[in-house]
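Asks: Quick one: this structure, given as structure tokens, is what I'll be asking you about.
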Amino acid sequence: MELAALTKTRLIDMSESNCLFCKIVSGEMATEFVAETDNTLVFKDIWPVAKVHLLVIPKQHYSDVAELAQNAPVILSEVLKTATEMAREYTAGSFKLQFNTGAEAGQTVFHAHAHVLSDTEKDGS
Ligand code: 5GP
Ligand code: ZN
């Protein structure tokens with residue numbers, strides 16, 4: 001197994017008290033933010049799989065998009081709005097918006113997040 005994949009498997013943690021993205025929100029884990037709104041944060045994925053690979057997260061902890069949709073649909077709509085604004089700013093207009101939900105679907109960080117993915121950057125490269 002490659003080192004990145006090995007490290008990624010170690011990130012699995014379902015609990016809010018030891019949640020990686022909550023630590024990013026609180027500042028306990030230093031991360032450069034690409035954008036911030038009242039209820040969301042955006043930062044680059046540490047292991048990008050596309051030329052543009054941003055993560056949009058709610059500041060509040062919800063374990064996945066299903067829990068977010070059920071409990072805080074207004075915040076989910078803010079996540080979606082922020083994600084499309086990021087796509088408008090950083091891509092040429094074609095992008096994927098992905099919410100991995102559940103370990104068997106590839107979710108490794110159990111704090112809801114949208115992946116904004118594109119191989120066509122705004123500047124055309
Ligand atoms: P998931 O696999 O849960 O859908 O997405 C989690 C994402 O978080 C992965 O793509 C992974 O590369 C990214 N990630 C994991 N740890 C960190 C980190 O410490 N900083 C950043 N910026 N991204 C991370
Ligand atoms: Zn969290």
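Each chain in the structure tokens gets a letter, A, B, ..., in the order shown, and its residues are numbered from 1; ligands are numbered from 1 in order too.
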Hey, which residues sit close to ligand 2? Say within 6 Å, counting only C-alpha atoms and all ligand atoms, and write them as a PyMOL selection string.

Replies: chain A and resi 16+19+21-22+61+111

Asks: Would you please give, as a list in words, all residues of chain A that DSSP assigns to strand (DSSP E) based on the backbone?

Replies: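 The strand (DSSP E) residues within chain A come out as Phe33, Val34, Ala35, Glu36, Thr40, Leu41, Val42, Phe43, Lys44, Val52, His53, Leu54, Leu55, Val56, Ile57, Pro58, Lys96, Leu97, Gln98, Ala114, His115, Val116, Leu117 and Ser118 of chain A.
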
Asks: Per residue of chain A within 7 Å of ligand 1, record the nearest atom pair and its distance in Å to one decimal, counting only C-alpha atoms and all ligand atoms, with rows in chain order and ascending residue number, as a Markdown table.

Replies:
| residue | atom | partner | partner_atom_place_in_ligand_line | distance |
| --- | --- | --- | --- | --- |
| A:Lys8 | CA | ligand 1 | 15 (C) | 6.5 |
| A:Leu11 | CA | ligand 1 | 16 (N) | 6.8 |
| A:Leu20 | CA | ligand 1 | 19 (O) | 6.8 |
| A:Thr31 | CA | ligand 1 | 22 (N) | 6.7 |
| A:Phe43 | CA | ligand 1 | 22 (N) | 5.9 |
| A:Lys44 | CA | ligand 1 | 22 (N) | 5.2 |
| A:Asp45 | CA | ligand 1 | 23 (N) | 4.1 |
| A:Ile46 | CA | ligand 1 | 23 (N) | 4.0 |
| A:Trp47 | CA | ligand 1 | 12 (O) | 4.2 |
| A:Pro48 | CA | ligand 1 | 12 (O) | 6.5 |
| A:Phe99 | CA | ligand 1 | 4 (O) | 6.3 |
| A:Asn100 | CA | ligand 1 | 4 (O) | 4.5 |
| A:Gly106 | CA | ligand 1 | 2 (O) | 5.3 |
| A:Gln107 | CA | ligand 1 | 3 (O) | 3.5 |
| A:Thr108 | CA | ligand 1 | 3 (O) | 3.6 |
| A:Val109 | CA | ligand 1 | 3 (O) | 3.9 |
| A:Phe110 | CA | ligand 1 | 3 (O) | 6.3 |

Asks: What does the distance between CA of Glu78 (chain A) and CA of Val34 (chain A) come to in Å, to one decimal place?

Replies: 15.7 Å

Asks: Would you give me, as a PDB file with N, CA and C atoms, in the first residue's frame, the residues in region 1-120 of chain A that DSSP reads as helix (DSSP H, G or I)?

Replies:
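Here's the written file out.pdb:
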ATOM      1  N   LEU A   3       2.200   5.057   0.683  1.00  0.00           N
ATOM      2  CA  LEU A   3       2.216   5.796   1.950  1.00  0.00           C
ATOM      3  C   LEU A   3       0.972   6.666   2.119  1.00  0.00           C
ATOM      4  N   ALA A   4       0.589   7.394   1.041  1.00  0.00           N
ATOM      5  CA  ALA A   4      -0.575   8.284   1.149  1.00  0.00           C
ATOM      6  C   ALA A   4      -1.828   7.491   1.498  1.00  0.00           C
ATOM      7  N   ALA A   5      -1.986   6.351   0.853  1.00  0.00           N
ATOM      8  CA  ALA A   5      -3.170   5.531   1.113  1.00  0.00           C
ATOM      9  C   ALA A   5      -3.138   4.987   2.538  1.00  0.00           C
ATOM     10  N   LEU A   6      -1.938   4.610   2.984  1.00  0.00           N
ATOM     11  CA  LEU A   6      -1.790   4.081   4.338  1.00  0.00           C
ATOM     12  C   LEU A   6      -2.146   5.144   5.367  1.00  0.00           C
ATOM     13  N   THR A   7      -1.639   6.364   5.148  1.00  0.00           N
ATOM     14  CA  THR A   7      -1.925   7.452   6.081  1.00  0.00           C
ATOM     15  C   THR A   7      -3.411   7.757   6.076  1.00  0.00           C
ATOM     16  N   LYS A   8      -4.004   7.723   4.889  1.00  0.00           N
ATOM     17  CA  LYS A   8      -5.423   8.034   4.761  1.00  0.00           C
ATOM     18  C   LYS A   8      -6.271   7.074   5.598  1.00  0.00           C
ATOM     19  N   THR A   9      -5.911   5.811   5.609  1.00  0.00           N
ATOM     20  CA  THR A   9      -6.716   4.850   6.365  1.00  0.00           C
ATOM     21  C   THR A   9      -6.648   5.138   7.858  1.00  0.00           C
ATOM     22  N   GLU A  16     -16.965  13.147  17.078  1.00  0.00           N
ATOM     23  CA  GLU A  16     -16.810  14.588  16.961  1.00  0.00           C
ATOM     24  C   GLU A  16     -15.628  15.089  17.788  1.00  0.00           C
ATOM     25  N   SER A  17     -15.421  14.505  18.971  1.00  0.00           N
ATOM     26  CA  SER A  17     -14.383  15.003  19.880  1.00  0.00           C
ATOM     27  C   SER A  17     -12.989  14.856  19.281  1.00  0.00           C
ATOM     28  N   ASN A  18     -12.831  13.914  18.392  1.00  0.00           N
ATOM     29  CA  ASN A  18     -11.512  13.716  17.782  1.00  0.00           C
ATOM     30  C   ASN A  18     -11.610  13.836  16.262  1.00  0.00           C
ATOM     31  N   LEU A  20     -11.007  15.370  12.725  1.00  0.00           N
ATOM     32  CA  LEU A  20      -9.963  16.130  12.027  1.00  0.00           C
ATOM     33  C   LEU A  20     -10.483  17.473  11.518  1.00  0.00           C
ATOM     34  N   PHE A  21     -11.658  17.478  10.887  1.00  0.00           N
ATOM     35  CA  PHE A  21     -12.153  18.727  10.308  1.00  0.00           C
ATOM     36  C   PHE A  21     -12.628  19.688  11.400  1.00  0.00           C
ATOM     37  N   CYS A  22     -13.108  19.185  12.536  1.00  0.00           N
ATOM     38  CA  CYS A  22     -13.426  20.081  13.662  1.00  0.00           C
ATOM     39  C   CYS A  22     -12.142  20.746  14.166  1.00  0.00           C
ATOM     40  N   LYS A  23     -11.044  20.007  14.127  1.00  0.00           N
ATOM     41  CA  LYS A  23      -9.757  20.593  14.541  1.00  0.00           C
ATOM     42  C   LYS A  23      -9.295  21.666  13.556  1.00  0.00           C
ATOM     43  N   ILE A  24      -9.619  21.486  12.295  1.00  0.00           N
ATOM     44  CA  ILE A  24      -9.310  22.521  11.299  1.00  0.00           C
ATOM     45  C   ILE A  24     -10.178  23.746  11.559  1.00  0.00           C
ATOM     46  N   VAL A  25     -11.464  23.531  11.866  1.00  0.00           N
ATOM     47  CA  VAL A  25     -12.371  24.658  12.147  1.00  0.00           C
ATOM     48  C   VAL A  25     -11.896  25.427  13.383  1.00  0.00           C
ATOM     49  N   SER A  26     -11.491  24.709  14.413  1.00  0.00           N
ATOM     50  CA  SER A  26     -11.113  25.365  15.681  1.00  0.00           C
ATOM     51  C   SER A  26      -9.737  26.014  15.612  1.00  0.00           C
ATOM     52  N   VAL A  65     -23.242  13.953   4.771  1.00  0.00           N
ATOM     53  CA  VAL A  65     -24.220  14.836   4.116  1.00  0.00           C
ATOM     54  C   VAL A  65     -25.661  14.434   4.457  1.00  0.00           C
ATOM     55  N   ALA A  66     -25.885  13.159   4.718  1.00  0.00           N
ATOM     56  CA  ALA A  66     -27.245  12.724   5.072  1.00  0.00           C
ATOM     57  C   ALA A  66     -27.658  13.328   6.411  1.00  0.00           C
ATOM     58  N   GLU A  67     -26.748  13.291   7.383  1.00  0.00           N
ATOM     59  CA  GLU A  67     -27.041  13.886   8.695  1.00  0.00           C
ATOM     60  C   GLU A  67     -27.198  15.402   8.568  1.00  0.00           C
ATOM     61  N   LEU A  68     -26.385  15.988   7.719  1.00  0.00           N
ATOM     62  CA  LEU A  68     -26.476  17.436   7.495  1.00  0.00           C
ATOM     63  C   LEU A  68     -27.831  17.797   6.869  1.00  0.00           C
ATOM     64  N   ALA A  69     -28.240  17.044   5.853  1.00  0.00           N
ATOM     65  CA  ALA A  69     -29.516  17.313   5.170  1.00  0.00           C
ATOM     66  C   ALA A  69     -30.688  17.159   6.127  1.00  0.00           C
ATOM     67  N   GLN A  70     -30.602  16.152   6.984  1.00  0.00           N
ATOM     68  CA  GLN A  70     -31.689  15.856   7.922  1.00  0.00           C
ATOM     69  C   GLN A  70     -31.814  16.926   9.008  1.00  0.00           C
ATOM     70  N   ASN A  71     -30.668  17.397   9.499  1.00  0.00           N
ATOM     71  CA  ASN A  71     -30.672  18.270  10.683  1.00  0.00           C
ATOM     72  C   ASN A  71     -30.460  19.750  10.389  1.00  0.00           C
ATOM     73  N   PRO A  73     -30.741  21.623   6.885  1.00  0.00           N
ATOM     74  CA  PRO A  73     -30.816  21.819   5.429  1.00  0.00           C
ATOM     75  C   PRO A  73     -30.393  23.213   4.982  1.00  0.00           C
ATOM     76  N   VAL A  74     -30.560  24.200   5.836  1.00  0.00           N
ATOM     77  CA  VAL A  74     -30.148  25.559   5.450  1.00  0.00           C
ATOM     78  C   VAL A  74     -28.619  25.631   5.350  1.00  0.00           C
ATOM     79  N   ILE A  75     -27.937  24.961   6.264  1.00  0.00           N
ATOM     80  CA  ILE A  75     -26.468  24.932   6.203  1.00  0.00           C
ATOM     81  C   ILE A  75     -26.007  24.111   4.987  1.00  0.00           C
ATOM     82  N   LEU A  76     -26.720  23.036   4.686  1.00  0.00           N
ATOM     83  CA  LEU A  76     -26.378  22.267   3.481  1.00  0.00           C
ATOM     84  C   LEU A  76     -26.495  23.150   2.243  1.00  0.00           C
ATOM     85  N   SER A  77     -27.534  23.968   2.199  1.00  0.00           N
ATOM     86  CA  SER A  77     -27.676  24.836   1.013  1.00  0.00           C
ATOM     87  C   SER A  77     -26.537  25.850   0.964  1.00  0.00           C
ATOM     88  N   GLU A  78     -26.043  26.267   2.119  1.00  0.00           N
ATOM     89  CA  GLU A  78     -24.893  27.186   2.134  1.00  0.00           C
ATOM     90  C   GLU A  78     -23.629  26.457   1.647  1.00  0.00           C
ATOM     91  N   VAL A  79     -23.479  25.194   2.034  1.00  0.00           N
ATOM     92  CA  VAL A  79     -22.347  24.388   1.528  1.00  0.00           C
ATOM     93  C   VAL A  79     -22.417  24.300  -0.002  1.00  0.00           C
ATOM     94  N   LEU A  80     -23.617  24.038  -0.524  1.00  0.00           N
ATOM     95  CA  LEU A  80     -23.777  23.912  -1.978  1.00  0.00           C
ATOM     96  C   LEU A  80     -23.502  25.239  -2.681  1.00  0.00           C
ATOM     97  N   LYS A  81     -24.005  26.322  -2.099  1.00  0.00           N
ATOM     98  CA  LYS A  81     -23.784  27.646  -2.698  1.00  0.00           C
ATOM     99  C   LYS A  81     -22.286  27.977  -2.704  1.00  0.00           C
ATOM    100  N   THR A  82     -21.633  27.736  -1.573  1.00  0.00           N
ATOM    101  CA  THR A  82     -20.190  27.999  -1.483  1.00  0.00           C
ATOM    102  C   THR A  82     -19.436  27.149  -2.502  1.00  0.00           C
ATOM    103  N   ALA A  83     -19.824  25.875  -2.617  1.00  0.00           N
ATOM    104  CA  ALA A  83     -19.134  24.971  -3.551  1.00  0.00           C
ATOM    105  C   ALA A  83     -19.267  25.470  -4.988  1.00  0.00           C
ATOM    106  N   THR A  84     -20.448  25.914  -5.374  1.00  0.00           N
ATOM    107  CA  THR A  84     -20.620  26.384  -6.751  1.00  0.00           C
ATOM    108  C   THR A  84     -19.898  27.712  -6.969  1.00  0.00           C
ATOM    109  N   GLU A  85     -19.817  28.520  -5.925  1.00  0.00           N
ATOM    110  CA  GLU A  85     -19.031  29.760  -6.045  1.00  0.00           C
ATOM    111  C   GLU A  85     -17.544  29.436  -6.228  1.00  0.00           C
ATOM    112  N   MET A  86     -17.066  28.427  -5.515  1.00  0.00           N
ATOM    113  CA  MET A  86     -15.671  28.004  -5.671  1.00  0.00           C
ATOM    114  C   MET A  86     -15.433  27.493  -7.097  1.00  0.00           C
ATOM    115  N   ALA A  87     -16.403  26.732  -7.603  1.00  0.00           N
ATOM    116  CA  ALA A  87     -16.279  26.206  -8.970  1.00  0.00           C
ATOM    117  C   ALA A  87     -16.241  27.356  -9.971  1.00  0.00           C
ATOM    118  N   ARG A  88     -17.086  28.360  -9.731  1.00  0.00           N
ATOM    119  CA  ARG A  88     -17.099  29.505 -10.650  1.00  0.00           C
ATOM    120  C   ARG A  88     -15.756  30.241 -10.606  1.00  0.00           C
ATOM    121  N   GLU A  89     -15.178  30.316  -9.402  1.00  0.00           N
ATOM    122  CA  GLU A  89     -13.936  31.066  -9.231  1.00  0.00           C
ATOM    123  C   GLU A  89     -12.707  30.309  -9.743  1.00  0.00           C
ATOM    124  N   TYR A  90     -12.683  28.978  -9.566  1.00  0.00           N
ATOM    125  CA  TYR A  90     -11.439  28.244  -9.802  1.00  0.00           C
ATOM    126  C   TYR A  90     -11.471  27.288 -10.988  1.00  0.00           C
ATOM    127  N   ALA A 103     -18.281   4.585   4.883  1.00  0.00           N
ATOM    128  CA  ALA A 103     -16.932   4.057   4.646  1.00  0.00           C
ATOM    129  C   ALA A 103     -16.860   3.267   3.339  1.00  0.00           C
ATOM    130  N   GLU A 104     -17.924   2.525   3.044  1.00  0.00           N
ATOM    131  CA  GLU A 104     -17.870   1.683   1.850  1.00  0.00           C
ATOM    132  C   GLU A 104     -18.018   2.494   0.565  1.00  0.00           C
ATOM    133  N   ALA A 105     -18.397   3.756   0.711  1.00  0.00           N
ATOM    134  CA  ALA A 105     -18.431   4.658  -0.456  1.00  0.00           C
ATOM    135  C   ALA A 105     -17.182   5.520  -0.508  1.00  0.00           C
TER     136      ALA A 105
END

Asks: Would you please work out which residue, of A:Ser118, A:Pro58, A:Asp64, A:His53, is nearest to Thr101 (chain A) when using only C-alpha atoms?

Replies: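 Checking each candidate against Thr101 (chain A), we get A:Asp64 as the closest.
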
Asks: Point out the residue among A:Ala30, A:Leu41, A:Ala92, A:Val52 with the least atom-to-atom distance to Ala112 (chain A), counting only C-alpha atoms.

Replies: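 Smallest separation from Ala112 (chain A) among the options: A:Leu41.
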
Asks: CA of Gly93 (chain A) and CA of Leu54 (chain A) are how many Å apart?

Replies: 14.6 Å

Asks: List as a ChimeraX atom specification the protein and nucleic acid residues near Asp119 (chain A), meaning an atom at most 10 Å away when only C-alpha atoms are counted, but skip any in the same chain fewer than 5 places from it.

Replies: /A:49-53,91-92,94-96,124-125

Asks: Using only C-alpha atoms, please write the residues we just selected to a file, as a compact mmCIF listing (two decimals), in the first residue's frame.

Replies:
# COMPACT_ATOMS: atom_id res chain seq x y z
CA VAL A 49 -7.03 13.84 -7.26
CA ALA A 50 -7.82 16.59 -9.79
CA LYS A 51 -6.24 19.89 -10.85
CA VAL A 52 -8.86 21.65 -8.73
CA HIS A 53 -9.71 19.72 -5.57
CA THR A 91 -12.70 26.13 -12.72
CA ALA A 92 -13.54 26.76 -16.37
CA SER A 94 -17.14 22.01 -15.65
CA PHE A 95 -16.80 20.31 -12.29
CA LYS A 96 -17.94 17.47 -10.07
CA GLY A 124 -7.45 27.14 -19.11
CA SER A 125 -4.40 25.11 -18.05
